[in-house]
Each structure stands twice: as structure tokens, then as C-alpha cells.
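Below is final29.cif, which holds mmCIF, C-alpha atoms.
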data_my_file
loop_
_atom_site.label_atom_id
_atom_site.label_comp_id
_atom_site.auth_asym_id
_atom_site.auth_seq_id
_atom_site.Cartn_x
_atom_site.Cartn_y
_atom_site.Cartn_z
CA ALA A 1 76.54 35.95 104.32
CA ILE A 2 77.21 38.12 107.34
CA CYS A 3 75.00 36.05 109.57
CA SER A 4 76.83 32.72 109.02
CA TYR A 5 79.32 33.63 111.73
CA ASP A 6 76.95 33.24 114.68
CA GLU A 7 79.76 32.45 117.11
CA HIS A 8 81.17 35.94 116.63
CA VAL A 9 78.00 37.97 116.31
CA GLN A 10 77.07 38.30 119.97
CA ASN A 11 80.47 39.78 120.88
CA LEU A 12 80.73 42.12 117.90
CA GLU A 13 80.98 45.76 118.99
CA GLU A 14 81.78 47.62 115.73
CA LEU A 15 80.87 46.98 112.10
CA SER A 16 82.10 49.19 109.27
CA THR A 17 81.44 49.57 106.37
CA ILE A 18 78.58 47.50 104.85
CA ASP A 19 77.03 48.24 101.46
CA ILE A 20 73.23 48.37 101.80
CA THR A 21 72.21 49.15 98.22
CA ASP A 22 70.55 45.75 97.73
CA GLU A 23 67.82 44.04 99.69
CA ARG A 24 69.91 41.03 100.68
CA SER A 25 72.62 43.12 102.30
CA ARG A 26 70.01 45.10 104.23
CA ASP A 27 68.42 41.86 105.43
CA ASP A 28 71.83 40.56 106.53
CA VAL A 29 72.59 43.71 108.53
CA ALA A 30 69.13 43.67 110.10
CA THR A 31 69.57 40.03 111.15
CA LEU A 32 73.00 40.76 112.59
CA LEU A 33 71.63 43.69 114.59
CA PHE A 34 68.81 41.53 115.90
CA ARG A 35 71.22 38.80 117.07
CA SER A 36 74.01 41.02 118.34
CA LYS A 37 74.22 41.83 122.04
CA LYS A 38 77.09 44.34 122.02
CA LEU A 39 77.06 46.09 118.63
CA ARG A 40 77.15 49.83 119.21
CA MET A 41 78.85 51.25 116.09
CA LEU A 42 77.66 50.69 112.53
CA GLY A 43 78.96 52.03 109.24
CA VAL A 44 76.87 51.73 106.07
CA ARG A 45 77.37 52.70 102.43
CA ALA A 46 74.54 53.45 100.01
CA ASN A 47 75.35 55.36 96.83
CA ARG A 48 73.29 55.78 93.70
CA GLY A 49 73.45 53.02 91.14
CA GLY A 50 72.01 50.10 93.09
CA ASN A 51 68.61 49.24 94.52
CA THR A 52 68.35 52.28 96.78
CA HIS A 53 64.58 52.71 97.16
CA GLY A 54 64.60 50.87 100.50
CA VAL A 55 67.60 52.62 102.05
CA ILE A 56 65.78 55.39 103.92
CA PRO A 57 63.20 53.00 105.45
CA PHE A 58 66.10 50.74 106.46
CA LEU A 59 67.87 53.65 108.19
CA ASN A 60 64.66 54.44 110.03
CA GLU A 61 64.51 50.83 111.22
CA LEU A 62 67.93 51.24 112.86
CA ARG A 63 66.21 53.28 115.57
CA LYS A 64 65.01 50.02 117.12
CA TYR A 65 68.53 48.95 118.07
CA ASN A 66 70.85 50.35 120.71
CA LEU A 67 73.39 51.84 118.33
CA GLU A 68 75.48 54.66 119.76
CA SER A 69 77.50 55.51 116.63
CA LEU A 70 76.37 55.66 112.99
CA ILE A 71 78.50 56.40 109.94
CA ILE A 72 76.69 56.88 106.63
CA GLU A 73 78.59 57.04 103.35
CA SER A 74 76.00 58.05 100.79
CA ASP A 75 75.01 60.50 98.08
CA LEU A 76 71.26 59.78 98.21
CA CYS A 77 68.99 62.82 97.97
CA GLY A 78 66.63 61.55 100.65
CA LEU A 79 69.28 62.05 103.33
CA ASP A 80 68.87 65.84 103.14
CA GLU A 81 65.86 65.58 105.42
CA TRP A 82 66.56 62.27 107.16
CA GLU A 83 66.51 62.56 110.96
CA PRO A 84 68.95 60.68 113.21
CA TRP A 85 67.45 59.42 116.44
CA PRO A 86 67.90 61.47 119.67
CA GLU A 87 69.79 58.69 121.50
CA LEU A 88 72.64 58.67 118.97
CA ARG A 89 76.00 59.77 120.41
CA ARG A 90 78.21 59.87 117.32
CA PHE A 91 77.08 60.69 113.78
CA GLU A 92 79.18 60.95 110.61
CA LEU A 93 77.67 61.71 107.22
CA THR A 94 79.42 62.06 103.85
CA LYS A 95 76.32 63.38 102.09
CA LEU A 96 76.81 67.07 101.21
CA LEU A 97 73.89 68.86 102.89
CA PRO A 98 72.41 72.16 101.65
CA ARG A 99 71.92 73.27 105.27
CA VAL A 100 71.88 71.92 108.82
CA PRO A 101 68.44 70.34 109.35
CA GLU A 102 66.54 72.10 112.14
CA SER A 103 65.59 68.69 113.52
CA TRP A 104 69.22 68.16 114.54
CA ALA A 105 68.67 70.56 117.42
CA SER A 106 66.85 67.71 119.20
CA LEU A 107 69.91 65.40 119.21
CA ASP A 108 70.43 65.83 122.94
CA SER A 109 72.80 62.85 123.32
CA LEU A 110 75.13 63.68 120.41
CA THR A 111 78.78 64.12 121.43
CA HIS A 112 80.59 63.71 118.07
CA LEU A 113 79.43 65.17 114.74
CA ASP A 114 81.24 65.02 111.39
CA PHE A 115 79.60 66.28 108.19
CA ALA A 116 79.79 68.67 105.24
CA ILE A 117 77.56 71.52 104.13
CA ARG A 118 77.42 73.66 101.02
CA LYS A 119 77.70 76.95 102.87
CA ILE A 120 77.86 77.83 106.56
CA GLU A 121 75.14 80.29 107.48
CA ALA A 122 74.30 81.91 110.81
CA THR A 123 71.21 79.71 111.16
CA ASP A 124 73.36 76.58 110.81
CA VAL A 125 75.65 77.78 113.58
CA LEU A 126 72.66 78.40 115.83
CA VAL A 127 71.30 74.86 115.34
CA LEU A 128 74.68 73.24 116.05
CA GLY A 129 75.21 75.47 119.06
CA GLU A 130 72.04 74.11 120.67
CA LEU A 131 73.41 70.57 120.94
CA PRO A 132 73.94 70.32 124.71
CA LYS A 133 76.49 67.46 124.79
CA LEU A 134 78.41 68.11 121.56
CA THR A 135 82.10 67.61 122.38
CA VAL A 136 83.75 67.14 118.96
CA LEU A 137 82.69 68.89 115.75
CA ASN A 138 84.25 68.43 112.30
CA LEU A 139 82.57 70.68 109.74
CA LEU A 140 83.43 71.28 106.10
CA SER A 141 81.93 74.11 104.06
CA TRP A 142 81.94 73.52 100.29
CA GLU A 143 81.08 76.84 98.60
CA ARG A 144 83.00 80.10 98.50
CA GLU A 145 80.30 82.47 99.66
CA GLY A 146 79.40 83.03 103.28
CA SER A 147 77.48 85.42 105.46
CA GLY A 148 79.79 86.21 108.35
CA SER A 149 78.39 83.53 110.65
CA ILE A 150 78.72 84.43 114.33
CA VAL A 151 79.65 82.02 117.09
CA SER A 152 78.04 83.57 120.15
CA SER A 153 78.61 82.96 123.83
CA VAL A 154 75.21 81.24 124.10
CA GLY A 155 75.78 77.92 122.30
CA PHE A 156 78.46 75.22 122.12
CA GLN A 157 78.65 74.95 125.89
CA SER A 158 80.25 71.45 125.87
CA LEU A 159 82.44 71.65 122.76
CA GLU A 160 86.09 70.70 123.38
CA VAL A 161 87.47 70.01 119.87
CA ALA A 162 86.37 71.87 116.73
CA SER A 163 87.52 71.76 113.12
CA PHE A 164 86.20 74.15 110.47
CA LYS A 165 87.34 73.82 106.87
CA TRP A 166 86.32 76.04 103.95
CA LEU A 167 87.10 73.97 100.88
CA PHE A 168 87.04 76.76 98.30
CA GLY A 169 86.60 79.96 100.32
CA GLY A 170 87.67 82.17 103.16
CA MET A 171 86.89 81.93 106.83
CA TRP A 172 83.48 83.33 107.71
CA LEU A 173 83.28 82.69 111.44
CA HIS A 174 83.42 85.49 113.96
CA PHE A 175 83.94 84.39 117.57
CA GLN A 176 82.17 86.54 120.13
CA GLU A 177 83.79 86.97 123.51
CA GLY A 178 82.86 84.03 125.74
CA ALA A 179 82.09 81.69 122.82
CA MET A 180 82.80 77.97 123.18
CA PRO A 181 83.88 78.25 126.82
CA LYS A 182 85.22 74.66 127.05
CA LEU A 183 86.99 74.53 123.68
CA LEU A 184 90.55 73.20 123.99
CA LYS A 185 91.55 72.48 120.39
CA LEU A 186 90.65 74.48 117.28
CA ARG A 187 91.54 73.75 113.65
CA LEU A 188 90.85 76.19 110.81
CA GLU A 189 91.56 75.79 107.09
CA PHE A 190 90.63 78.46 104.54
CA ASN A 191 91.74 80.64 101.64
CA ALA A 192 93.50 83.91 102.47
CA ALA A 193 92.22 85.96 99.52
CA GLU A 194 88.56 85.33 100.32
CA THR A 195 88.73 85.96 104.05
CA MET A 196 87.23 89.34 104.98
CA MET A 197 89.64 90.42 107.68
CA GLU A 198 88.05 93.86 108.12
CA HIS A 199 85.39 92.10 110.19
CA GLY A 200 88.03 90.35 112.25
CA ILE A 201 87.70 86.90 113.75
CA GLY A 202 86.57 88.02 117.17
CA LYS A 203 88.07 86.50 120.30
CA PHE A 204 89.50 83.01 120.37
CA PRO A 205 87.76 80.85 123.03
CA CYS A 206 89.28 81.49 126.44
CA ASN A 207 90.34 77.94 127.36
CA LEU A 208 92.16 77.03 124.15
CA THR A 209 95.37 75.03 124.45
CA GLN A 210 95.99 74.25 120.75
CA VAL A 211 95.29 76.14 117.52
CA ALA A 212 96.09 74.68 114.08
CA VAL A 213 95.59 76.96 111.05
CA SER A 214 96.14 76.01 107.40
CA ILE A 215 96.06 78.94 104.96
CA SER A 216 95.61 78.41 101.24
CA CYS A 217 97.49 81.08 99.27
CA GLN A 218 95.80 80.33 95.96
CA ASN A 219 94.94 83.58 94.09
CA SER A 220 96.10 85.52 97.17
CA THR A 221 98.40 88.51 97.28
CA GLN A 222 101.21 88.78 99.77
CA THR A 223 99.11 91.33 101.63
CA ASP A 224 96.16 88.92 101.85
CA VAL A 225 98.32 86.27 103.45
CA GLN A 226 100.09 88.69 105.77
CA ASP A 227 96.80 90.17 107.00
CA VAL A 228 95.39 86.76 107.84
CA GLU A 229 98.57 85.55 109.49
CA ARG A 230 98.84 88.75 111.54
CA ALA A 231 95.23 88.42 112.74
CA ILE A 232 95.81 84.84 113.85
CA ARG A 233 99.07 85.62 115.64
CA ASP A 234 97.51 88.66 117.33
CA GLN A 235 94.74 86.45 118.67
CA VAL A 236 97.28 84.06 120.13
CA ALA A 237 99.48 86.82 121.56
CA THR A 238 96.58 88.56 123.34
CA HIS A 239 94.91 85.36 124.49
CA PRO A 240 94.51 85.06 128.29
CA ARG A 241 96.42 81.76 128.13
CA SER A 242 98.96 82.88 125.56
CA ALA A 243 101.87 81.43 127.53
CA ASN A 244 100.43 77.93 127.23
CA LEU A 245 98.65 78.23 123.88
CA SER A 246 100.41 76.41 121.04
CA LEU A 247 99.98 77.59 117.44
CA GLN A 248 100.61 75.46 114.36
CA LEU A 249 100.34 77.69 111.29
CA THR A 250 100.98 76.38 107.78
CA LYS A 251 100.65 77.96 104.34
CA TYR A 252 100.36 76.20 101.00
CA GLU A 253 99.76 77.02 97.34
CA GLY A 254 96.92 75.68 95.27
CA PRO A 255 93.49 74.34 96.14
CA VAL A 256 92.76 72.05 99.05
CA LYS A 257 94.42 68.70 98.41
CA MET A 258 91.83 66.09 97.48
CA LYS A 259 91.49 62.71 95.77
CA PRO A 260 89.32 62.35 92.65
CA SER A 261 87.01 60.01 94.57
CA ASP A 262 86.34 62.73 97.13
CA TYR A 263 84.69 65.09 94.63
CA PRO A 264 81.86 65.69 95.11
CA GLN A 265 80.31 62.53 96.59
CA SER A 266 82.45 62.22 99.71
CA PRO A 267 83.10 65.71 101.11
CA SER A 268 83.23 64.48 104.69
CA ALA A 269 86.40 62.57 103.88
CA LEU A 270 88.04 65.97 103.50
CA VAL A 271 87.05 67.16 106.96
CA PRO A 272 90.21 67.23 109.09
CA SER A 273 90.26 64.58 111.77
CA THR A 274 90.65 65.57 115.38
CA PHE A 275 94.21 66.36 116.21
CA SER A 276 96.28 65.46 119.23
#

Starting from the coordinates I provided, produce the structure as C-alpha cells.
Amino acid sequence: AICSYDEHVQNLEELSTIDITDERSRDDVATLLFRSKKLRMLGVRANRGGNTHGVIPFLNELRKYNLESLIIESDLCGLDEWEPWPELRRFELTKLLPRVPESWASLDSLTHLDFAIRKIEATDVLVLGELPKLTVLNLLSWEREGSGSIVSSVGFQSLEVASFKWLFGGMWLHFQEGAMPKLLKLRLEFNAAETMMEHGIGKFPCNLTQVAVSISCQNSTQTDVQDVERAIRDQVATHPRSANLSLQLTKYEGPVKMKPSDYPQSPSALVPSTFS
């Protein structure tokens, strides 16, 4: 059992990843958390097939401990409305959400967020933009359709690293002038054919130092790809820091590369990690 190693428990700082789909494993983790003095990061796994009826109450119990980082690998339906606690600093979730829960706007301490959503809408962007300390955002959008979500100059005041990936569709973000004023690194991955370039992509954030763009050419004409590439390069060329702004642009055929185990239970595994 986890708790037989008492000599190591008090100095343990990170624990990942523990399966909590049976009562004994949940009891073991709870005992470890009670005894630990330094544990700040916890990763748990709870997928359908086991004894999952107690998982959500167990996650709610985690609020009692001083965890700063929580990683949840799960496909449970109850997570669609589950609320992380406001003191959490880092949150990663592999559950594919239908939307960004409005309750997330109260996560005032959150600095790192990694998750997947079926479709990015303007309301989702607004909720995420309200997070006052959000520094790193990795977001994957699953479905093709979008609604031209706007990133305004109002939100994302602390964001420094952002990654947006459209698994099966085009890019639907439009950056307003002054958006993401502290953003240094931006990664985009999308399909050329389904990106509506007549709306443009707006203005790249003013303090960018690195841009990485991956363009899927699946079902795209040469014109589709050229239009997208031209728009990206024009943004870099006219950027106020163009002399010091690096661009990494890659093109590839076929759908987004993915492992069978990633579909559809683990979409967050496909979210690009932060890049150096």
C-alpha cells in the first residue's frame, strides 16, 4: 500500500499518477495526503469501468489539503461541472469538456491551465480571459466548427505562454489590438482549408518573442495554404518587434498525429506542451 512507506511520506512533494477507481486506492491517497507535510502536486486517474461512484466526492475532499497542482486523467461525466478550488495554481484535465465552466472565472490563483474543449466559443474565451494570474494556457479544440472567437484587449492580462490547437478544424481566434499584452510565446496548430482568412487573425500580441505555427494541409488547396502562410508572415513582418520575433512555421499532410489511446478519452495529451 502507498502508506507503508512512512519514512518517505513526509518529504514527498509530487505524486503522479494514482488510479482512484476503487475505494482502497482512494483511502490510501487520502491517508498519504493527511500524513504528508510537503506534497503539493497530485496526479490521479479515474476512468469508467471501475468503482467510480465515489470519485467526485473524493475530488471534493482534496480541497482540505494544501495542494497547488492537480492533474486529472478521467473520462467521467461528472467532471463537466466539477469545480476546482480557488487556491489551486496549476490544473490539468484530460476530460473533454463541452464548454468552459463559468465557475472557472473564480480561480484567482491559477497560473497554469491545460485542458480540451469540444469547440471554442466567444464565451469560453471571456471566462478564461478573466483569470487574473493565468500565465500558461494550453487549449485544444476538438470540433471543426467555430464562431470567430475574439481575444480582446481586456482579458489575459498575465498570460505569457499560450498554445491553441484545433484538432480537426481551422483557426477561429481573432486577436484585437492590445490583446494579451504580456504574451511572449504563441503556438498555433490548425487546418488551412477550414480557416476563414477573410476575417483575418487580427494583431499578434505586441510583446511576442516566439511564434510557432503548424498548418495541416489535409483537404486544402494550394491557395488555402498560401493564404494562411501569407497572413502569418505578414503579421510577423509588421509586428512592432519584428526584428526580434522568431517564427517557426511547419506544414504537414494528413490529420493531426495521434495515438489510438488518445481518441477520444485523452484529448489533453494532444495539447502541445509549452515550448522553449

Hits of the PyMOL selection byres ((chain A and resi 37-47) around 6) in this structure, as a VMD selection string: chain A and resid 10 to 21 36 48 67 to 75

Translate the PyMOL selection byres ((chain A and resi 131) around 12) into a concrete residue list for this structure, as an MDAnalysis selection string. chainID A and resid 86 89 102:113 124:130 132:137 154:159

Counting only C-alpha atoms, write as a PyMOL selection string all protein and nucleic acid residues lying at most 12 Å from (95.2, 80.9, 125.0) in the file's frame. chain A and resi 181-186+203-211+232-247

Ranking A:Phe190, A:Leu33, A:Met171, A:Glu81 by minimum distance to Ile56 in chain A and counting only C-alpha atoms, which one comes first? A:Glu81

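Atom pair CA of Leu139 in chain A / CA of Ile117 in chain A has a distance of 7.6 Å (rounded to one decimal).
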
Run the PyMOL selection byres ((chain A and resi 251) around 10) mentally over the shown coordinates, then write out the matched residues as JSON, numbers by chain, using the chain letters and numbers from the document. {"A": [189, 191, 192, 213, 214, 215, 216, 217, 218, 225, 229, 249, 250, 252, 253]}

Work out how far CA of Gly178 in chain A is from CA of Ser153 in chain A, in Å to one decimal.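 Result for CA of Ser153 in chain A versus CA of Gly178 in chain A: 4.8 Å, one decimal.
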
Each side padded by 4 Å, which centre and which edge lengths in Å (one decimal) define the axis-aligned box around the listed atoms of range 85-93 of chain A? Give them as JSON.
{"center_x": 73.3, "center_y": 60.2, "center_z": 114.4, "size_x": 19.7, "size_y": 11.0, "size_z": 22.3}

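Take CA of Glu177 in chain A and CA of Ser152 in chain A: the distance between them is 7.5 Å.
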
Minimum-distance residue to Asp22 in chain A, chosen among A:Asn219, A:Phe58, A:Leu96, A:Arg35 (using all atoms listed in the file):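 Of A:Asn219, A:Phe58, A:Leu96, A:Arg35, the one nearest Asp22 in chain A, counting all atoms listed in the file, is A:Phe58.
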
From the list A:Leu140, A:Leu62, A:Leu76, A:Ala231, which residue is nearest Arg99 in chain A when using all atoms listed in the file?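 Nearest to Arg99 in chain A: A:Leu140.
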
Counting all atoms listed in the file, I want the residues whose atoms come within 12 Å of (65.2, 51.8, 109.8) in the file frame, returned as a list in words. Ile20, Arg26, Asp27, Val29, Ala30, Leu33, Gly54, Val55, Ile56, Pro57, Phe58, Leu59, Asn60, Glu61, Leu62, Arg63, Lys64, Tyr65, Leu67, Trp82, Glu83, Pro84 and Trp85 of chain A

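Take the candidates A:Thr31, A:Thr195, A:Thr123, A:Gln248 and check each one against Gln226 in chain A using all atoms listed in the file; the shortest distance goes to A:Thr195.
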